file input-v4.csv (CSV, C-alpha atoms (C1' of nucleotides))
chain,number,residue,atom,x,y,z
C,1,MET,CA,48.3,38.9,94.3
C,2,PRO,CA,50.1,41.0,96.8
C,3,GLU,CA,48.1,42.2,99.7
C,4,LEU,CA,49.4,43.3,103.1
C,5,PRO,CA,50.9,39.9,104.1
C,6,GLU,CA,52.7,39.4,100.7
C,7,VAL,CA,54.1,43.0,100.9
C,8,GLU,CA,55.2,42.4,104.5
C,9,THR,CA,56.8,39.1,103.4
C,10,THR,CA,58.6,40.8,100.6
C,11,LEU,CA,59.8,43.5,102.9
C,12,ARG,CA,61.2,41.0,105.4
C,13,GLY,CA,62.9,39.1,102.7
C,14,LEU,CA,64.4,42.3,101.3
C,15,LYS,CA,65.6,43.9,104.5
C,16,PRO,CA,68.6,41.7,105.6
C,17,HIS,CA,70.0,41.8,102.0
C,18,ILE,CA,69.8,45.5,101.2
C,19,LYS,CA,69.9,47.4,104.4
C,20,GLY,CA,73.1,49.4,104.5
C,21,GLN,CA,74.0,48.4,100.9
C,22,LYS,CA,74.9,50.9,98.2
C,23,ILE,CA,73.2,51.1,94.8
C,24,VAL,CA,75.7,51.4,92.0
C,25,ASP,CA,73.5,51.2,88.9
C,26,VAL,CA,69.9,51.0,87.8
C,27,ASP,CA,68.7,49.5,84.5
C,28,ILE,CA,65.1,50.3,83.5
C,29,ARG,CA,64.3,47.7,80.8
C,30,ASN,CA,60.7,48.8,80.6
C,31,PRO,CA,59.5,52.0,82.2
C,32,ARG,CA,55.8,51.5,81.4
C,33,LEU,CA,54.5,50.3,84.8
C,34,ARG,CA,51.2,51.6,86.2
C,35,TRP,CA,52.7,55.0,85.9
C,36,ARG,CA,55.7,55.5,83.6
C,37,ILE,CA,58.9,55.5,85.6
C,38,ALA,CA,60.3,59.1,85.7
C,39,ASP,CA,63.4,59.8,83.6
C,40,ASP,CA,65.4,60.9,86.6
C,41,PHE,CA,64.5,57.8,88.7
C,42,ALA,CA,67.7,56.0,88.0
C,43,THR,CA,69.8,59.1,88.8
C,44,HIS,CA,68.1,59.5,92.2
C,45,LEU,CA,68.9,55.9,93.2
C,46,THR,CA,72.4,55.5,91.8
C,47,SER,CA,75.1,56.1,94.4
C,48,SER,CA,72.5,56.1,97.2
C,49,THR,CA,72.7,53.8,100.2
C,50,VAL,CA,69.7,52.0,101.7
C,51,GLU,CA,69.3,53.4,105.2
C,52,SER,CA,66.0,51.8,106.3
C,53,LEU,CA,63.0,49.9,105.0
C,54,GLU,CA,59.4,49.9,106.1
C,55,ARG,CA,55.9,49.1,104.9
C,56,ARG,CA,52.9,51.4,104.9
C,57,ALA,CA,49.6,49.9,103.5
C,58,LYS,CA,50.8,47.9,100.4
C,59,PHE,CA,53.8,50.2,99.8
C,60,ILE,CA,57.4,49.3,100.4
C,61,ILE,CA,59.2,52.4,101.5
C,62,ILE,CA,63.0,52.4,101.2
C,63,TYR,CA,64.7,55.4,102.7
C,64,LEU,CA,67.8,56.5,100.8
C,65,GLY,CA,68.8,59.5,102.9
C,66,GLN,CA,67.9,62.2,100.4
C,67,GLY,CA,64.5,60.7,99.7
C,68,TYR,CA,62.3,57.6,99.4
C,69,TRP,CA,62.2,54.8,96.9
C,70,VAL,CA,58.5,53.7,97.0
C,71,ILE,CA,57.4,50.4,95.4
C,72,HIS,CA,53.9,49.0,94.9
C,73,LEU,CA,53.7,45.4,93.7
C,74,GLY,CA,50.3,45.9,92.0
C,75,MET,CA,48.8,42.6,91.1
C,76,SER,CA,51.7,40.5,89.8
C,77,GLY,CA,54.8,42.3,90.9
C,78,SER,CA,57.7,40.6,92.7
C,79,LEU,CA,61.2,41.3,93.7
C,80,SER,CA,64.0,38.8,93.7
C,81,PHE,CA,67.8,38.6,94.0
C,82,HIS,CA,70.0,37.3,91.2
C,83,ASP,CA,73.5,36.9,90.2
C,84,SER,CA,74.6,39.3,87.5
C,85,SER,CA,75.3,36.4,85.2
C,86,ALA,CA,71.7,35.0,85.5
C,87,ALA,CA,69.6,35.4,82.3
C,88,TYR,CA,66.8,37.9,82.4
C,89,LEU,CA,63.3,36.5,82.7
C,90,LYS,CA,60.3,37.8,80.7
C,91,HIS,CA,58.9,40.9,82.5
C,92,ASP,CA,62.1,41.7,84.4
C,93,HIS,CA,61.4,45.5,84.1
C,94,VAL,CA,63.8,47.1,86.6
C,95,ILE,CA,67.2,45.9,87.7
C,96,ILE,CA,68.9,47.5,90.7
C,97,HIS,CA,72.7,46.7,91.0
C,98,PHE,CA,74.2,46.7,94.4
C,99,GLN,CA,77.9,47.3,95.2
C,100,GLN,CA,78.3,43.8,96.5
C,101,GLY,CA,77.6,42.4,93.0
C,102,TYR,CA,74.1,41.0,93.2
C,103,GLN,CA,71.0,42.5,91.6
C,104,LEU,CA,67.5,43.0,92.8
C,105,ARG,CA,65.0,42.5,89.9
C,106,TYR,CA,61.5,43.8,89.7
C,107,ASN,CA,59.3,41.4,87.6
C,108,ASP,CA,55.7,42.3,86.8
C,109,PRO,CA,53.8,40.6,84.0
C,110,ARG,CA,50.7,42.7,84.3
C,111,ARG,CA,52.5,45.9,85.1
C,112,PHE,CA,49.9,47.1,87.6
C,113,GLY,CA,52.8,47.9,90.0
C,114,SER,CA,54.6,51.2,90.3
C,115,MET,CA,58.0,52.5,91.4
C,116,VAL,CA,58.8,56.1,92.2
C,117,PHE,CA,61.4,58.3,94.0
C,118,VAL,CA,60.0,61.1,96.1
C,119,LYS,CA,61.8,63.5,98.4
C,120,ASP,CA,58.8,63.7,100.7
C,121,LEU,CA,56.2,60.9,101.2
C,122,SER,CA,53.4,63.4,101.5
C,123,THR,CA,53.7,64.2,97.8
C,124,LEU,CA,52.5,60.7,96.9
C,125,PRO,CA,49.0,61.0,95.6
C,126,SER,CA,46.4,59.9,98.2
C,127,TRP,CA,49.1,59.2,100.8
C,128,GLN,CA,47.4,61.6,103.3
C,129,LYS,CA,44.1,59.9,102.9
C,130,LEU,CA,45.2,56.4,103.7
C,131,GLY,CA,43.2,54.7,106.5
C,132,PRO,CA,44.8,53.1,109.6
C,133,GLU,CA,47.0,50.0,109.4
C,134,PRO,CA,44.8,47.0,110.1
C,135,LEU,CA,47.2,45.5,112.6
C,136,SER,CA,47.4,48.7,114.6
C,137,ASP,CA,45.4,49.7,117.7
C,138,GLU,CA,43.8,52.5,115.7
C,139,PHE,CA,41.8,49.9,113.8
C,140,ASP,CA,39.3,48.7,116.4
C,141,PRO,CA,35.6,47.8,116.4
C,142,MET,CA,34.5,51.3,117.5
C,143,TYR,CA,36.4,52.9,114.6
C,144,LEU,CA,35.0,50.5,112.1
C,145,ILE,CA,31.4,50.7,113.2
C,146,LYS,CA,31.6,54.5,113.1
C,147,ARG,CA,32.7,54.4,109.5
C,148,CYS,CA,30.1,51.7,108.7
C,149,LYS,CA,27.2,53.7,110.1
C,150,LYS,CA,27.6,56.4,107.4
C,151,THR,CA,27.1,54.3,104.3
C,152,SER,CA,25.0,51.6,102.7
C,153,LYS,CA,27.9,50.4,100.6
C,154,PRO,CA,28.6,46.6,100.8
C,155,ILE,CA,30.7,45.7,103.9
C,156,LYS,CA,33.2,44.0,101.6
C,157,SER,CA,33.7,47.3,99.7
C,158,MET,CA,34.2,49.1,103.0
C,159,ILE,CA,37.0,46.8,104.3
C,160,MET,CA,38.7,46.9,100.9
C,161,ASP,CA,38.6,50.7,100.8
C,162,GLN,CA,42.1,52.0,101.5
C,163,HIS,CA,40.5,55.1,103.0
C,164,VAL,CA,38.8,53.0,105.6
C,165,VAL,CA,41.6,50.5,106.4
C,166,VAL,CA,44.7,49.7,104.3
C,167,GLY,CA,46.1,46.5,103.1
C,168,VAL,CA,43.0,44.3,102.9
C,169,GLY,CA,42.5,43.0,99.4
C,170,ASN,CA,40.0,40.6,97.9
C,171,ILE,CA,41.4,37.4,99.4
C,172,TYR,CA,41.7,38.5,103.0
C,173,ALA,CA,38.4,40.5,102.9
C,174,THR,CA,36.6,37.4,101.5
C,175,GLU,CA,38.1,35.1,104.1
C,176,ALA,CA,37.6,37.4,107.1
C,177,LEU,CA,33.9,37.9,106.1
C,178,PHE,CA,33.4,34.1,106.0
C,179,LEU,CA,35.0,33.7,109.4
C,180,SER,CA,32.7,36.4,110.7
C,181,ASN,CA,29.6,34.9,109.2
C,182,ILE,CA,28.9,38.1,107.3
C,183,HIS,CA,27.6,38.2,103.8
C,184,PRO,CA,29.9,40.3,101.6
C,185,ALA,CA,27.0,42.3,100.1
C,186,ARG,CA,25.5,43.3,103.5
C,187,SER,CA,25.0,47.0,103.7
C,188,ALA,CA,27.7,48.4,106.0
C,189,ASN,CA,25.1,50.3,108.1
C,190,THR,CA,23.4,47.0,109.0
C,191,ILE,CA,26.5,45.6,110.6
C,192,THR,CA,26.1,45.2,114.4
C,193,HIS,CA,28.6,46.1,117.1
C,194,GLN,CA,29.1,42.4,117.8
C,195,GLU,CA,29.7,41.6,114.1
C,196,CYS,CA,32.2,44.5,114.0
C,197,ILE,CA,34.1,43.0,116.9
C,198,GLN,CA,34.3,39.7,115.1
C,199,LEU,CA,35.2,41.2,111.8
C,200,VAL,CA,38.1,43.3,113.2
C,201,LYS,CA,39.4,40.2,115.0
C,202,ASN,CA,39.1,38.0,112.0
C,203,ILE,CA,40.8,40.5,109.6
C,204,GLN,CA,43.7,40.8,112.0
C,205,GLN,CA,43.8,37.0,112.5
C,206,CYS,CA,43.9,36.3,108.8
C,207,LEU,CA,46.6,38.9,108.2
C,208,HIS,CA,48.8,37.7,111.1
C,209,GLN,CA,48.4,34.0,110.1
C,210,ALA,CA,49.2,34.8,106.4
C,211,ILE,CA,52.3,36.8,107.4
C,212,ASN,CA,53.4,33.8,109.5
C,213,MET,CA,52.9,31.5,106.6
C,214,GLY,CA,54.8,33.7,104.1
C,215,GLY,CA,51.8,35.0,102.3
C,216,THR,CA,49.5,33.5,99.8
C,217,THR,CA,50.9,32.0,96.6
C,218,LEU,CA,48.0,31.5,94.1
C,219,LYS,CA,50.0,31.6,91.0
C,220,ASP,CA,53.5,32.9,91.3
C,221,PHE,CA,54.0,35.0,94.4
C,222,VAL,CA,57.4,34.4,95.9
C,223,ASN,CA,59.4,36.3,98.4
C,224,PRO,CA,62.8,37.8,97.4
C,225,ASP,CA,64.5,34.6,98.3
C,226,SER,CA,62.2,32.8,95.9
C,227,ARG,CA,60.2,31.0,98.5
C,228,SER,CA,56.4,30.5,98.1
C,229,GLY,CA,53.8,31.3,100.7
C,230,TYR,CA,51.4,28.7,101.9
C,231,PHE,CA,48.4,30.6,103.4
C,232,GLN,CA,46.5,29.4,100.3
C,233,GLN,CA,46.3,26.0,102.1
C,234,THR,CA,44.0,27.6,104.7
C,235,LEU,CA,41.7,29.4,102.4
C,236,GLN,CA,38.1,28.6,103.4
C,237,VAL,CA,36.0,30.2,100.5
C,238,TYR,CA,38.3,32.2,98.2
C,239,GLY,CA,38.5,30.5,94.9
C,240,ARG,CA,36.1,27.7,96.0
C,241,GLU,CA,33.0,28.7,94.0
C,242,GLY,CA,30.8,25.7,93.3
C,243,LYS,CA,32.5,23.6,96.0
C,244,SER,CA,31.1,22.7,99.3
C,245,CYS,CA,31.7,24.7,102.5
C,246,TYR,CA,34.2,23.1,104.9
C,247,VAL,CA,32.1,24.1,107.9
C,248,CYS,CA,28.5,23.2,106.9
C,249,GLY,CA,28.7,21.4,103.5
C,250,SER,CA,26.5,24.0,101.7
C,251,MET,CA,27.5,25.2,98.2
C,252,ILE,CA,29.9,28.2,98.0
C,253,HIS,CA,28.3,30.9,95.8
C,254,SER,CA,29.7,34.1,94.5
C,255,VAL,CA,28.5,37.6,93.8
C,256,ARG,CA,30.3,40.4,92.0
C,257,LEU,CA,31.0,43.5,94.0
C,258,ASN,CA,33.1,46.3,92.5
C,259,GLN,CA,33.9,44.0,89.6
C,260,ARG,CA,35.5,41.4,91.8
C,261,SER,CA,34.4,38.0,92.7
C,262,SER,CA,33.1,37.7,96.2
C,263,PRO,CA,32.6,34.1,97.2
C,264,PHE,CA,30.5,33.2,100.3
C,265,CYS,CA,28.6,30.3,101.9
C,266,GLU,CA,24.9,31.0,101.7
C,267,ASN,CA,24.3,29.1,104.9
C,268,CYS,CA,27.2,30.4,107.0
C,269,GLN,CA,26.8,34.0,105.6
C,270,PRO,CA,23.1,34.7,105.2
C,271,ILE,CA,22.2,38.0,103.6
C,272,ASN,CA,19.2,38.6,105.9
C,273,ASP,CA,20.0,38.8,109.6
A,1,DA,C1',29.7,64.5,97.7
A,2,DA,C1',29.3,59.9,97.2
A,3,DG,C1',29.5,55.9,94.7
A,4,DG,C1',29.7,53.2,90.5
A,5,DA,C1',32.0,52.3,86.1
A,6,DT,C1',36.2,52.5,83.5
A,7,DT,C1',41.0,52.0,82.8
A,8,DC,C1',45.6,50.1,82.7
A,9,DC,C1',47.9,44.8,81.5
A,10,DT,C1',49.1,39.8,80.3
A,11,DG,C1',48.6,34.9,81.4
A,12,DT,C1',45.3,31.3,82.0
A,13,DT,C1',41.1,29.1,81.2
A,14,DG,C1',36.8,27.6,79.0
A,15,DG,C1',33.8,27.1,75.0
A,16,DC,C1',33.2,25.9,70.4
N,1,DT,C1',43.9,21.6,67.9
N,2,DG,C1',43.4,26.4,67.5
N,3,DC,C1',41.2,30.6,68.2
N,4,DC,C1',38.9,34.0,70.8
N,5,DA,C1',36.3,35.8,74.7
N,6,DA,C1',36.1,36.0,79.5
N,7,DC,C1',38.4,36.4,83.7
N,8,DA,C1',41.7,37.6,87.3
N,9,DG,C1',42.3,42.3,90.1
N,10,DG,C1',44.7,47.5,92.9
N,11,DA,C1',43.4,51.8,92.8
N,12,DA,C1',43.4,56.3,90.2
N,13,DT,C1',40.3,58.6,87.4
N,14,DC,C1',36.3,59.7,85.2
N,15,DC,C1',31.7,59.8,85.1
N,16,DT,C1',26.7,60.5,87.1
call {"tool": "encode", "arguments": {"input": "input-v4.csv", "output": "structure tokens"}}
result
Amino acid sequence: MPELPEVETTLRGLKPHIKGQKIVDVDIRNPRLRWRIADDFATHLTSSTVESLERRAKFIIIYLGQGYWVIHLGMSGSLSFHDSSAAYLKHDHVIIHFQQGYQLRYNDPRRFGSMVFVKDLSTLPSWQKLGPEPLSDEFDPMYLIKRCKKTSKPIKSMIMDQHVVVGVGNIYATEALFLSNIHPARSANTITHQECIQLVKNIQQCLHQAINMGGTTLKDFVNPDSRSGYFQQTLQVYGREGKSCYVCGSMIHSVRLNQRSSPFCENCQPIND
DNA sequence: AAGGATTCCTGTTGGC
DNA sequence: TGCCAACAGGAATCCT
């Protein structure tokens, strides 16, 4: 499921192919994504040229001169290039035709993703409230501990909260907490300064490493050139409930926090400390 | 105000 | 073997 590294990987795969390219047509085969694609979406994109691309949080932002094409991959969204003669796959919902003849297709089985055109990014809901980028200098131990002191919410909920820090989803939150020897359910206000230093370092390390490995492919994540990621090979605890810890051999358990599975090693990540 | 539950969706998996 | 329930999860929105 796309988190920051998968979105970054998608962006990097997209950029060399579509930067400077002109969109000549847009087919919306199914507008019912997380939010219904607006009726004038295709009109705004058609005849536009891609001027630049960037990532903010888990959004891909494509600047078209007169506004922004914003894509969120949700849980199962992916973008890929195809020849116009290639048969459509199930769940190919949006087709962008470029002047040079190829198509960019948005495929999303669960339809948790979204796609909008906005003239001004600040009109996106919650855009203004997004927390700092995890790989920026703004996200440092002092910042995190300040946010943690104010709440007894589980630390895992904190680092997955986009208002606290963006881009960290279930996989990377789980892995970073394991590497930091912090139980996912620990109250944020019990996290020490030393632990915060470790946690920030490990979040950044996980994200950097995953980007370098092309993301995590659990089921079907592929970059726009159809290449899988391989960070899943380095996962320490995510998806390993009932198996033994690579570090100490103890059983990996799991708790549910905010309706998501939160695996941890009871020996490496004790709740009381 | 803060925080927990609900909601959207389909493919996969486990139990009987 | 087939059927159905449970599960996976990002994040807005609706409660309390």
call {"tool": "closest_residue", "arguments": {"input": "input-v4.csv", "among": "C:Arg105, C:Arg32, C:Lys15, C:His163", "to": "chain N", "atoms": "only C-alpha atoms (C1' of nucleotides)"}}
result
C:His163
call {"tool": "interface_residues", "arguments": {"input": "input-v4.csv", "of": "chain C", "to": "chain N", "cutoff": "9 Å", "atoms": "all atoms listed in the file", "output": "PyMOL selection string"}}
result
chain C and resi 1+74-75+112-113+162+169-170+259-260
call {"tool": "interface_residues", "arguments": {"input": "input-v4.csv", "of": "chain C", "to": "chain A", "cutoff": "10 Å", "atoms": "all atoms listed in the file", "output": "list of chain:residue names"}}
result
C:Leu33, C:Arg34, C:Trp35, C:Met75, C:Ser76, C:Asp108, C:Pro109, C:Arg110, C:Arg111, C:Phe112, C:Thr151, C:Lys153, C:Asn258, C:Gln259
call {"tool": "closest_residue", "arguments": {"input": "input-v4.csv", "among": "C:Ser52, C:Ser157, C:Thr9, C:Gln100", "to": "Leu257 in chain C", "atoms": "all atoms listed in the file"}}
result
C:Ser157
call {"tool": "closest_residue", "arguments": {"input": "input-v4.csv", "among": "C:Ser85, C:Gln66, C:Thr190, C:Gln204", "to": "Gly167 in chain C", "atoms": "all atoms listed in the file"}}
result
C:Gln204
call {"tool": "atom_distance", "arguments": {"input": "input-v4.csv", "atom1": "CA of Glu3 in chain C", "atom2": "CA of Thr192 in chain C"}}
result
26.6 Å
call {"tool": "atom_distance", "arguments": {"input": "input-v4.csv", "atom1": "CA of Trp69 in chain C", "atom2": "CA of Ile203 in chain C"}}
result
28.7 Å
call {"tool": "atom_distance", "arguments": {"input": "input-v4.csv", "atom1": "CA of Ala42 in chain C", "atom2": "CA of Leu124 in chain C"}}
result
18.2 Å
call {"tool": "residues_around", "arguments": {"input": "input-v4.csv", "residues": "Ile62 in chain C", "least_positions_apart": "5", "cutoff": "8 Å", "atoms": "only C-alpha atoms (C1' of nucleotides)", "output": "PyMOL selection string"}}
result
chain C and resi 50-54+68-70
call {"tool": "residues_around", "arguments": {"input": "input-v4.csv", "residues": "Gln99 in chain C", "least_positions_apart": "2", "cutoff": "6 Å", "atoms": "only C-alpha atoms (C1' of nucleotides)", "output": "ChimeraX atom specification"}}
result
/C:22,24,101
call {"tool": "axis_aligned_box", "arguments": {"input": "input-v4.csv", "around": "range 1-13 of chain A", "padding_each_side": "6 Å", "output": "AutoDock Vina command-line options"}}
result
--center_x 39.2 --center_y 46.8 --center_z 89.0 --size_x 31.8 --size_y 47.4 --size_z 29.4
call {"tool": "closest_residue", "arguments": {"input": "input-v4.csv", "among": "C:Lys150, C:His17, C:Lys201, C:Arg36", "to": "His93 in chain C", "atoms": "all atoms listed in the file"}}
result
C:Arg36
